[in-house]
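Undergrad: Quick one: this structure, given as structure tokens, is what I'll be asking you about.
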Amino acid sequence: MTATTLTHDEAHHHDTPKGWRRWLFSTNHKDIGTLYLLFALTMLFLGGASAMLIRLELFQPGIQLLAPDLYNNLVTNHALIMIFGAVMPAAAGLANWMIPMMIGAPDMALPRMNNLSFWILPAAATMLILSFVVPFFPGGGTQINTGWTLYPPLSVQVGMSMDFLIFAIHLLGISSVLASINIIVTLLNMRAPGMTLMKMPMFCWTWLVTAFLLILVVPVLAGGVTMLLFDRHFGTSFFDAAGGGDPVLFQHLFWFFGHPEVYILLLPSIGVLSHVIPAFSRKPLFGYNSMVGAMLAVATIGMVVWAHHQYTIGMSLGAVTYFMIGTILISIPVGLMIFNFIATMWRGSMTFETPMLFAVAIVLMFTFGGLSGVMLAVVPADMQYHDTMFVVAHFHYVLMPGAVFGLFAGVFYWLPKWTGHMYDERLGKLFFWINVIGFNLTFFPQHFLGLAGMPRRIVDYNVMFTEFNVVSSIGAMIFGLSHLLFLYIIIKTIRGGKKAESRAWEGAKGLEWELDSPPAFHTWTVAPQIK
Amino acid sequence: MHVPEHQTPELRRKNIRLAWMLGGLALFFLVTSFPFWSGLFRIVGNQAVQ
């Protein structure tokens, strides 16, 4: 980022609206960002509670707490709540808060649509929760036992709770697409004069690519679940072989969405890291241009390798070879990003505040998750690993460090800007260590369970798997409960603490740090000039 | 048309035009995910050949 000339007129401010109307009718990007983040935090606890129940059940072999169908229902809901309810809205919250401030825009390009994109979410979450609750009522039908992948024919046979889930996915998809359109329009049309695309902060670049990915793949999922709805209620046979349909078609449609979804969850956190690592290394980001290129390569290749999730369905040798090579190729641009982060830290004047601790943990643990991903990409090996706990361990090592830790890093990095207070660094570091140790205790043993042959998505298991499951469950309790400390730190920071300066971190660069902490209700009412 | 106070009418038009284009792209991907359409084109194509 080059030097800026600040000419904005901070004297011209409207009064901040008061009461519930401020939130319900808000068109202010900061307020809507806050709403997204609060929503995501709520869903994180809901999804976390279901994960802890799952791990409690798996603490010992045999059936302790949960009936098999309820267990499957929890597995399904845990995944959907975490992906659609927690991670995606949290990333959208960061985008809402930071993108206008980073590009020198007064607000998002389409503020009322911004309001709509958020307020669809609580309705969608209600439908999602109802899909879990409905089977408990008389006449509510069977529980959803498909997992988040919703494969037919099982998903056609499930009770009415599946209909709630399908409509929840429709609503979540509409919300995501509207938010993505808004972000792309903001980034392309609302940048301050002089800020070319290649001068744009990296967080904005990651969101530009993420938003395009969302627009391209979410409608395909919507199409897939709509066909599912038609097969369930309107006599069609899209996925019914007996009626001339193809059950595998749904898997293709689902993973055409599902694989890019991994990058949708990942890229905003890569964007956060691109700010956190330079700030705490006190060096500019190494290889800005190559980061942009790598991100575009990841998005492009990521769109055309979906069937590596389906090696076992019986594809032709040519098809599996193509999907295997394509998948392994993705490790090149991803490796380039990791290399750039390490090169940024190299000989930097590094300090390890909480955001930087999370950033370093991401570089280490996400790389580990990526390596097990390369193992899974290899067809003959995947035939052994498929549907085992190894897969569970792999994707949690990708998504927790890759997506969630990145969001934690972003929250700690920007919390002083949002609230005007520095958070308690001692508590932040304590949270980091408990969280990271709890995470590794939970998921590292699952690699061994998978390699030893323990299948995933089962309520009971052979006694030979007991020891690693006990460790994993104890880790999960530590990991889950550590988030209460995260909540406490946030509340404490909002309520008070040491006053944050405009530039809360010594090495922080960018337009957002030129604004007061907390920033005024309306910022950049006069666009800054980027030299 | 309501124009947010931080946007000129020209910028507002530009923003809405781009939003519709992106919405169209999303709709295109939605519609092409239905095998119904590929089946329909195949039927129409076969009839045209006959």
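Chain labels run A, B, ... following the order of the structure tokens; each chain numbers its residues from 1, and ligands are numbered from 1 in the order shown.
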Excluding Arg456 in chain A and any residue of its chain fewer than 4 positions from it, enumerate the residues within 6 Å of it, using only C-alpha atoms, and give them as a count of residues only.

TA: 3

Undergrad: Excluding range 206-213 of chain A and any residue of its chain fewer than 4 positions from it, enumerate the residues within 6 Å of it, using only C-alpha atoms, and give them as a PDB file with N, CA and C atoms, in the first residue's frame.

TA:
ATOM      1  N   SER A 180     -22.446 -11.921  -1.847  1.00  0.00           N
ATOM      2  CA  SER A 180     -21.322 -11.977  -2.792  1.00  0.00           C
ATOM      3  C   SER A 180     -21.451 -10.920  -3.868  1.00  0.00           C
ATOM      4  N   ILE A 184     -18.658  -8.000  -4.541  1.00  0.00           N
ATOM      5  CA  ILE A 184     -17.982  -7.806  -5.834  1.00  0.00           C
ATOM      6  C   ILE A 184     -18.232  -6.393  -6.351  1.00  0.00           C
ATOM      7  N   ILE A 264     -13.871 -21.467  -0.369  1.00  0.00           N
ATOM      8  CA  ILE A 264     -14.706 -20.344   0.078  1.00  0.00           C
ATOM      9  C   ILE A 264     -14.492 -20.110   1.581  1.00  0.00           C
ATOM     10  N   LEU A 267     -10.270 -19.031   1.903  1.00  0.00           N
ATOM     11  CA  LEU A 267      -9.619 -17.842   1.340  1.00  0.00           C
ATOM     12  C   LEU A 267      -9.746 -16.584   2.206  1.00  0.00           C
ATOM     13  N   PRO A 268     -10.919 -16.285   2.805  1.00  0.00           N
ATOM     14  CA  PRO A 268     -10.958 -15.083   3.650  1.00  0.00           C
ATOM     15  C   PRO A 268      -9.938 -15.143   4.791  1.00  0.00           C
ATOM     16  N   GLY A 271      -6.685 -14.251   3.567  1.00  0.00           N
ATOM     17  CA  GLY A 271      -6.657 -12.780   3.489  1.00  0.00           C
ATOM     18  C   GLY A 271      -6.287 -12.156   4.825  1.00  0.00           C
TER      19      GLY A 271
END

Undergrad: Mind running range 218-276 of chain A against range 4-25 of chain B at 12 Å and telling me each contacting residue's nearest atom pair with the distance in Å (one decimal), counting only C-alpha atoms, chain and number ascending, as CSV?

TA:
residue,atom,partner,partner_atom,distance
A:Val218,CA,B:Leu25,CA,11.4
A:Pro219,CA,B:Leu25,CA,9.6
A:Val220,CA,B:Leu25,CA,11.7

Undergrad: Between CA of Ile270 in chain A and CA of Leu515 in chain A, measure the distance and give it in Å to one decimal.

TA: 23.7 Å

Undergrad: Between CA of Gly510 in chain A and CA of Met113 in chain A, what distance in Å does the model show, to one decimal?

TA: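 CA of Met113 in chain A lies at a distance of 26.9 Å from CA of Gly510 in chain A.
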
Undergrad: Quick one: residues within 10 Å of Met43 in chain A, only C-alpha atoms, excluding same-chain residues fewer than 4 positions away - as a PyMOL selection string?

TA: chain A and resi 37-39+47-49+78+81-87+89-90+125

Undergrad: Could you tell me how far CA of Pro247 in chain A sits from CA of Pro152 in chain A, in Å to one decimal place?

TA: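 Distance reported for this atom pair: 6.1 Å.
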
Undergrad: Check which residues of chain A sit at most 7 Å from chain B using only C-alpha atoms, and return one row each with the closest pair of atoms and their distance in Å to one decimal, ordered by chain and rising number, as CSV.

TA:
residue,atom,partner,partner_atom,distance
A:Pro106,CA,B:His6,CA,6.5
A:Ala109,CA,B:Asn15,CA,6.5
A:Ile181,CA,B:Ala19,CA,5.8
A:Val185,CA,B:Asn15,CA,6.0
A:Asn189,CA,B:Asn15,CA,6.8
A:Ile215,CA,B:Ala26,CA,5.3
A:Leu216,CA,B:Ala26,CA,6.1
A:Pro219,CA,B:Leu30,CA,4.4
A:Val220,CA,B:Leu30,CA,5.2
A:Ala222,CA,B:Leu30,CA,6.9
A:Gly223,CA,B:Leu30,CA,5.5
A:Thr525,CA,B:His6,CA,6.9

Undergrad: Can you write out the residues you just picked, keeping N, CA and C atoms, as an mmCIF file, in the first residue's frame?

TA:
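Writing the result to selection-v7.cif gives the following:
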data_model
loop_
_atom_site.group_PDB
_atom_site.id
_atom_site.type_symbol
_atom_site.label_atom_id
_atom_site.label_comp_id
_atom_site.auth_asym_id
_atom_site.auth_seq_id
_atom_site.Cartn_x
_atom_site.Cartn_y
_atom_site.Cartn_z
ATOM 1 N N PRO A 106 -17.374 4.735 1.592
ATOM 2 C CA PRO A 106 -18.203 5.098 2.746
ATOM 3 C C PRO A 106 -19.087 3.951 3.239
ATOM 4 N N ALA A 109 -21.727 -1.141 -1.604
ATOM 5 C CA ALA A 109 -22.349 -0.560 -2.795
ATOM 6 C C ALA A 109 -23.872 -0.635 -2.725
ATOM 7 N N ILE A 181 -22.657 -10.767 -4.397
ATOM 8 C CA ILE A 181 -22.883 -9.730 -5.417
ATOM 9 C C ILE A 181 -22.495 -8.372 -4.837
ATOM 10 N N VAL A 185 -19.494 -5.938 -6.289
ATOM 11 C CA VAL A 185 -19.812 -4.588 -6.785
ATOM 12 C C VAL A 185 -19.046 -3.545 -5.967
ATOM 13 N N ASN A 189 -16.408 -1.252 -7.935
ATOM 14 C CA ASN A 189 -16.902 0.101 -8.248
ATOM 15 C C ASN A 189 -16.642 1.151 -7.181
ATOM 16 N N ILE A 215 -20.790 -17.270 -6.188
ATOM 17 C CA ILE A 215 -21.808 -17.056 -7.224
ATOM 18 C C ILE A 215 -21.824 -18.214 -8.221
ATOM 19 N N LEU A 216 -20.673 -18.821 -8.447
ATOM 20 C CA LEU A 216 -20.603 -19.905 -9.425
ATOM 21 C C LEU A 216 -21.088 -21.240 -8.869
ATOM 22 N N PRO A 219 -25.428 -21.707 -6.620
ATOM 23 C CA PRO A 219 -26.639 -22.037 -7.387
ATOM 24 C C PRO A 219 -26.696 -23.503 -7.818
ATOM 25 N N VAL A 220 -25.544 -24.147 -7.988
ATOM 26 C CA VAL A 220 -25.552 -25.562 -8.380
ATOM 27 C C VAL A 220 -26.068 -26.423 -7.224
ATOM 28 N N ALA A 222 -28.121 -25.306 -5.002
ATOM 29 C CA ALA A 222 -29.562 -24.997 -4.963
ATOM 30 C C ALA A 222 -30.303 -25.840 -5.996
ATOM 31 N N GLY A 223 -29.715 -25.977 -7.183
ATOM 32 C CA GLY A 223 -30.322 -26.815 -8.224
ATOM 33 C C GLY A 223 -30.423 -28.256 -7.755
ATOM 34 N N THR A 525 -16.430 9.519 4.181
ATOM 35 C CA THR A 525 -17.490 10.225 3.450
ATOM 36 C C THR A 525 -16.874 11.037 2.312
#

Undergrad: Residues at most 12 Å from range 314-319 of chain A, counting only C-alpha atoms, excluding those fewer than 2 positions away in the same chain, as a PyMOL selection string?

TA: chain A and resi 248+252+304-312+321-326+379-380+383

Undergrad: Okay, now the selection with C-alpha atoms, as a PDB file, in the first residue's frame?

TA:
ATOM      1  CA  VAL A 248     -24.582 -40.356  -8.700  1.00  0.00           C
ATOM      2  CA  HIS A 252     -21.504 -34.647  -8.774  1.00  0.00           C
ATOM      3  CA  VAL A 304     -12.718 -28.680 -11.714  1.00  0.00           C
ATOM      4  CA  VAL A 305     -11.530 -31.389  -9.298  1.00  0.00           C
ATOM      5  CA  TRP A 306     -14.695 -32.085  -7.321  1.00  0.00           C
ATOM      6  CA  ALA A 307     -14.914 -35.826  -8.015  1.00  0.00           C
ATOM      7  CA  HIS A 308     -11.925 -36.676  -5.809  1.00  0.00           C
ATOM      8  CA  HIS A 309     -14.605 -36.936  -3.095  1.00  0.00           C
ATOM      9  CA  GLN A 310     -16.184 -39.786  -5.064  1.00  0.00           C
ATOM     10  CA  TYR A 311     -13.359 -42.079  -6.155  1.00  0.00           C
ATOM     11  CA  THR A 312     -15.224 -45.087  -4.825  1.00  0.00           C
ATOM     12  CA  THR A 321      -6.507 -40.086 -13.097  1.00  0.00           C
ATOM     13  CA  TYR A 322      -7.618 -36.617 -14.187  1.00  0.00           C
ATOM     14  CA  PHE A 323      -9.197 -35.826 -10.814  1.00  0.00           C
ATOM     15  CA  MET A 324      -6.182 -37.183  -8.946  1.00  0.00           C
ATOM     16  CA  ILE A 325      -3.633 -35.133 -10.925  1.00  0.00           C
ATOM     17  CA  GLY A 326      -5.804 -31.992 -10.766  1.00  0.00           C
ATOM     18  CA  VAL A 379      -6.673 -42.904  -5.768  1.00  0.00           C
ATOM     19  CA  PRO A 380      -5.389 -46.282  -4.514  1.00  0.00           C
ATOM     20  CA  MET A 383      -9.735 -46.501  -1.486  1.00  0.00           C
TER      21      MET A 383
END

Undergrad: What's around Thr126 in chain A at 9 Å? Count only C-alpha atoms, leave out sequence neighbours fewer than 5 positions away in its own chain, and write the answer as an mmCIF file with C-alpha atoms, in the first residue's frame.

TA:
data_model
loop_
_atom_site.group_PDB
_atom_site.id
_atom_site.type_symbol
_atom_site.label_atom_id
_atom_site.label_comp_id
_atom_site.auth_asym_id
_atom_site.auth_seq_id
_atom_site.Cartn_x
_atom_site.Cartn_y
_atom_site.Cartn_z
ATOM 1 C CA LEU A 121 -29.856 -15.759 7.891
ATOM 2 C CA SER A 131 -34.996 -29.758 10.674
ATOM 3 C CA ALA A 168 -32.840 -23.775 4.851
#

Undergrad: So that I can check the surroundings of Glu57 in chain A, please list as a list in words every protein, DNA and RNA residue that reaches within 9 Å of it, counting only C-alpha atoms and ignoring chain neighbours fewer than 3 positions away.

TA: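 Counting only C-alpha atoms, the residues come to Met52, Leu53, Ile54, Gln60, Pro61, Gly62, Ile63, Gln64, Leu65, Leu66, Tyr71, Val459, Asp460 and Ser473 of chain A.
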
Undergrad: Just asking: which residues within range 311-483 of chain A are alpha helix (DSSP H) according to DSSP, as a VMD selection string?

TA: chain A and resid 317 to 345 354 to 377 379 to 385 389 to 399 406 to 419 425 to 451 466 to 483

Undergrad: Can you tell me which residues surround Ala179 in chain A at a distance of at most 9 Å, considering only C-alpha atoms, apart from same-chain residues fewer than 3 positions away, and format the answer as a PyMOL selection string?

TA: chain A and resi 92+113-114+116-118+174-176+182-184+211

Undergrad: Using the selection just defined, write its residues with N, CA and C atoms as a PDB file, in the first residue's frame.

TA:
ATOM      1  N   ALA A  92     -18.199 -13.268   6.361  1.00  0.00           N
ATOM      2  CA  ALA A  92     -18.990 -12.159   5.791  1.00  0.00           C
ATOM      3  C   ALA A  92     -19.003 -10.970   6.758  1.00  0.00           C
ATOM      4  N   MET A 113     -29.560  -4.114   0.189  1.00  0.00           N
ATOM      5  CA  MET A 113     -29.406  -5.540  -0.096  1.00  0.00           C
ATOM      6  C   MET A 113     -28.518  -6.193   0.966  1.00  0.00           C
ATOM      7  N   ASN A 114     -27.604  -5.413   1.507  1.00  0.00           N
ATOM      8  CA  ASN A 114     -26.748  -5.896   2.587  1.00  0.00           C
ATOM      9  C   ASN A 114     -27.600  -6.274   3.798  1.00  0.00           C
ATOM     10  N   LEU A 116     -30.753  -7.117   3.707  1.00  0.00           N
ATOM     11  CA  LEU A 116     -31.531  -8.311   3.344  1.00  0.00           C
ATOM     12  C   LEU A 116     -30.675  -9.572   3.462  1.00  0.00           C
ATOM     13  N   SER A 117     -29.418  -9.504   2.956  1.00  0.00           N
ATOM     14  CA  SER A 117     -28.560 -10.709   3.011  1.00  0.00           C
ATOM     15  C   SER A 117     -28.388 -11.179   4.437  1.00  0.00           C
ATOM     16  N   PHE A 118     -28.249 -10.219   5.367  1.00  0.00           N
ATOM     17  CA  PHE A 118     -28.088 -10.677   6.753  1.00  0.00           C
ATOM     18  C   PHE A 118     -29.394 -11.227   7.302  1.00  0.00           C
ATOM     19  N   ILE A 174     -29.373 -18.102  -0.989  1.00  0.00           N
ATOM     20  CA  ILE A 174     -29.804 -16.769  -1.449  1.00  0.00           C
ATOM     21  C   ILE A 174     -29.015 -15.696  -0.700  1.00  0.00           C
ATOM     22  N   SER A 175     -28.898 -15.875   0.603  1.00  0.00           N
ATOM     23  CA  SER A 175     -28.162 -14.907   1.417  1.00  0.00           C
ATOM     24  C   SER A 175     -26.712 -14.798   0.946  1.00  0.00           C
ATOM     25  N   SER A 176     -26.074 -15.941   0.699  1.00  0.00           N
ATOM     26  CA  SER A 176     -24.665 -15.944   0.278  1.00  0.00           C
ATOM     27  C   SER A 176     -24.495 -15.264  -1.073  1.00  0.00           C
ATOM     28  N   ASN A 182     -22.930  -8.116  -3.618  1.00  0.00           N
ATOM     29  CA  ASN A 182     -22.652  -6.830  -2.969  1.00  0.00           C
ATOM     30  C   ASN A 182     -21.146  -6.605  -2.802  1.00  0.00           C
ATOM     31  N   ILE A 183     -20.457  -7.642  -2.395  1.00  0.00           N
ATOM     32  CA  ILE A 183     -19.012  -7.511  -2.167  1.00  0.00           C
ATOM     33  C   ILE A 183     -18.282  -7.266  -3.486  1.00  0.00           C
ATOM     34  N   ILE A 184     -18.658  -8.000  -4.541  1.00  0.00           N
ATOM     35  CA  ILE A 184     -17.982  -7.806  -5.834  1.00  0.00           C
ATOM     36  C   ILE A 184     -18.232  -6.393  -6.351  1.00  0.00           C
ATOM     37  N   ALA A 211     -16.093 -14.412  -3.417  1.00  0.00           N
ATOM     38  CA  ALA A 211     -17.449 -14.025  -3.821  1.00  0.00           C
ATOM     39  C   ALA A 211     -17.777 -14.574  -5.210  1.00  0.00           C
TER      40      ALA A 211
END
